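Enquirer: Dumping the structure here so I can ask a few things about it.
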Amino acid sequence: ITPAVAIVEPDGIVRTLQPDGERYQVEHGEGEVKTRWKGDRLTVETKTERGKMKETWSVSPETGRLTVRLEIEGGGGRMPKVEIDRVYDPVER
């Protein structure tokens, strides 16, 4: 059994991901999610009737920075593909 991954969003909502490569229903709404590890990167693919979203989560071993690459494609070719990188510095402890 692959352990679940919990992500707390800035608004306090907790996302629970099952990184076993199997598709499952979106927690809130219609659509499906597929989560898996690719080496040391966590990939989350979400498909809904409005389009597709792919998130790739990775941590730099040198700096400890978390990078989340977000790729969004609208359904039916209505929107061009958008790619966004969010970078988070580690908190000093």
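If you're wondering about the labels, chains in the structure tokens are A, B, ... by order shown, residues count from 1 in each chain, ligands from 1 in order shown.
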Using the chain letters and numbers from this document, which residues of chain A does DSSP assign to strand (DSSP E), as a ChimeraX atom specification?
Expert: /A:5-8,14-17,20-25,32-38,41-48,51-59,66-74,82-88
Enquirer: Find the residues near A:Lys52: any atom within 6 Å, counting only C-alpha atoms, skip ones fewer than 2 places away on the same chain, and give them as number ranges by chain.
Expert: A: 46-47, 72-73
Enquirer: Would you kindly return, as a PyMOL selection string, each protein, DNA or RNA residue with an atom no farther than 8 Å from any atom of A:Thr43, considering only C-alpha atoms and excluding same-chain residues fewer than 5 positions away?
Expert: chain A and resi 35-38+54-57
Enquirer: Name the residues in contact with stretch 81-84 of chain A at a cut-off of 7 Å, using only C-alpha atoms, excluding same-chain residues fewer than 2 positions from it; report them as an MDAnalysis selection string.
Expert: chainID A and resid 69:73 79 86
Enquirer: Hey, can you spit out that residue selection with all heavy atoms as a PDB file, in the first residue's frame?
Expert:
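See selection.pdb below for the written result:
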ATOM      1  N   ARG A  69       5.124  22.941 -10.497  1.00  0.00           N
ATOM      2  CA  ARG A  69       4.854  23.332 -11.887  1.00  0.00           C
ATOM      3  C   ARG A  69       3.411  22.989 -12.175  1.00  0.00           C
ATOM      4  O   ARG A  69       2.977  21.858 -11.988  1.00  0.00           O
ATOM      5  CB  ARG A  69       5.753  22.603 -12.865  1.00  0.00           C
ATOM      6  CG  ARG A  69       5.245  22.790 -14.312  1.00  0.00           C
ATOM      7  CD  ARG A  69       6.308  22.611 -15.302  1.00  0.00           C
ATOM      8  NE  ARG A  69       7.134  23.810 -15.266  1.00  0.00           N
ATOM      9  CZ  ARG A  69       7.520  24.451 -16.359  1.00  0.00           C
ATOM     10  NH1 ARG A  69       7.176  24.026 -17.540  1.00  0.00           N
ATOM     11  NH2 ARG A  69       8.279  25.507 -16.272  1.00  0.00           N
ATOM     12  N   LEU A  70       2.649  23.964 -12.645  1.00  0.00           N
ATOM     13  CA  LEU A  70       1.235  23.806 -12.950  1.00  0.00           C
ATOM     14  C   LEU A  70       1.043  24.000 -14.447  1.00  0.00           C
ATOM     15  O   LEU A  70       1.461  25.019 -14.995  1.00  0.00           O
ATOM     16  CB  LEU A  70       0.430  24.840 -12.159  1.00  0.00           C
ATOM     17  CG  LEU A  70      -1.071  24.859 -12.326  1.00  0.00           C
ATOM     18  CD1 LEU A  70      -1.682  23.541 -11.875  1.00  0.00           C
ATOM     19  CD2 LEU A  70      -1.660  26.014 -11.526  1.00  0.00           C
ATOM     20  N   GLU A  71       0.458  23.001 -15.105  1.00  0.00           N
ATOM     21  CA  GLU A  71       0.152  23.076 -16.530  1.00  0.00           C
ATOM     22  C   GLU A  71      -1.360  22.941 -16.677  1.00  0.00           C
ATOM     23  O   GLU A  71      -1.946  21.978 -16.193  1.00  0.00           O
ATOM     24  CB  GLU A  71       0.842  21.953 -17.287  1.00  0.00           C
ATOM     25  CG  GLU A  71       2.355  21.995 -17.170  1.00  0.00           C
ATOM     26  CD  GLU A  71       3.023  20.778 -17.791  1.00  0.00           C
ATOM     27  OE1 GLU A  71       2.491  20.243 -18.795  1.00  0.00           O
ATOM     28  OE2 GLU A  71       4.056  20.357 -17.263  1.00  0.00           O
ATOM     29  N   ILE A  72      -1.989  23.911 -17.332  1.00  0.00           N
ATOM     30  CA  ILE A  72      -3.440  23.930 -17.485  1.00  0.00           C
ATOM     31  C   ILE A  72      -3.795  23.966 -18.965  1.00  0.00           C
ATOM     32  O   ILE A  72      -3.251  24.766 -19.712  1.00  0.00           O
ATOM     33  CB  ILE A  72      -4.051  25.164 -16.787  1.00  0.00           C
ATOM     34  CG1 ILE A  72      -3.667  25.186 -15.317  1.00  0.00           C
ATOM     35  CG2 ILE A  72      -5.570  25.179 -16.952  1.00  0.00           C
ATOM     36  CD1 ILE A  72      -4.028  26.485 -14.616  1.00  0.00           C
ATOM     37  N   GLU A  73      -4.723  23.080 -19.362  1.00  0.00           N
ATOM     38  CA  GLU A  73      -5.238  23.061 -20.733  1.00  0.00           C
ATOM     39  C   GLU A  73      -6.751  23.084 -20.674  1.00  0.00           C
ATOM     40  O   GLU A  73      -7.355  22.237 -20.013  1.00  0.00           O
ATOM     41  CB  GLU A  73      -4.798  21.798 -21.466  1.00  0.00           C
ATOM     42  CG  GLU A  73      -3.323  21.746 -21.779  1.00  0.00           C
ATOM     43  CD  GLU A  73      -2.974  20.511 -22.589  1.00  0.00           C
ATOM     44  OE1 GLU A  73      -3.553  20.347 -23.691  1.00  0.00           O
ATOM     45  OE2 GLU A  73      -2.142  19.736 -22.120  1.00  0.00           O
ATOM     46  N   MET A  79      -8.685  27.307 -24.797  1.00  0.00           N
ATOM     47  CA  MET A  79      -7.612  28.130 -24.214  1.00  0.00           C
ATOM     48  C   MET A  79      -6.260  27.551 -24.604  1.00  0.00           C
ATOM     49  O   MET A  79      -6.128  26.338 -24.717  1.00  0.00           O
ATOM     50  CB  MET A  79      -7.678  28.086 -22.681  1.00  0.00           C
ATOM     51  CG  MET A  79      -8.731  28.932 -22.057  1.00  0.00           C
ATOM     52  SD  MET A  79      -8.722  28.803 -20.221  1.00  0.00           S
ATOM     53  CE  MET A  79      -7.062  28.401 -19.762  1.00  0.00           C
ATOM     54  N   ARG A  86       5.443  27.742  -9.285  1.00  0.00           N
ATOM     55  CA  ARG A  86       5.383  28.365  -7.961  1.00  0.00           C
ATOM     56  C   ARG A  86       6.573  27.818  -7.178  1.00  0.00           C
ATOM     57  O   ARG A  86       6.776  26.607  -7.119  1.00  0.00           O
ATOM     58  CB  ARG A  86       4.081  28.010  -7.250  1.00  0.00           C
ATOM     59  CG  ARG A  86       2.862  28.575  -7.965  1.00  0.00           C
ATOM     60  CD  ARG A  86       1.590  28.204  -7.262  1.00  0.00           C
ATOM     61  NE  ARG A  86       1.327  26.787  -7.523  1.00  0.00           N
ATOM     62  CZ  ARG A  86       0.300  26.118  -7.033  1.00  0.00           C
ATOM     63  NH1 ARG A  86      -0.563  26.696  -6.236  1.00  0.00           N
ATOM     64  NH2 ARG A  86       0.114  24.851  -7.334  1.00  0.00           N
TER      65      ARG A  86
END
Enquirer: Report, in Å to a single decimal, how far apart atom CA of A:Asp85 and atom CA of A:Val68 are.
Expert: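 One can read the atom CA of A:Val68 to atom CA of A:Asp85 distance as 5.7 Å.
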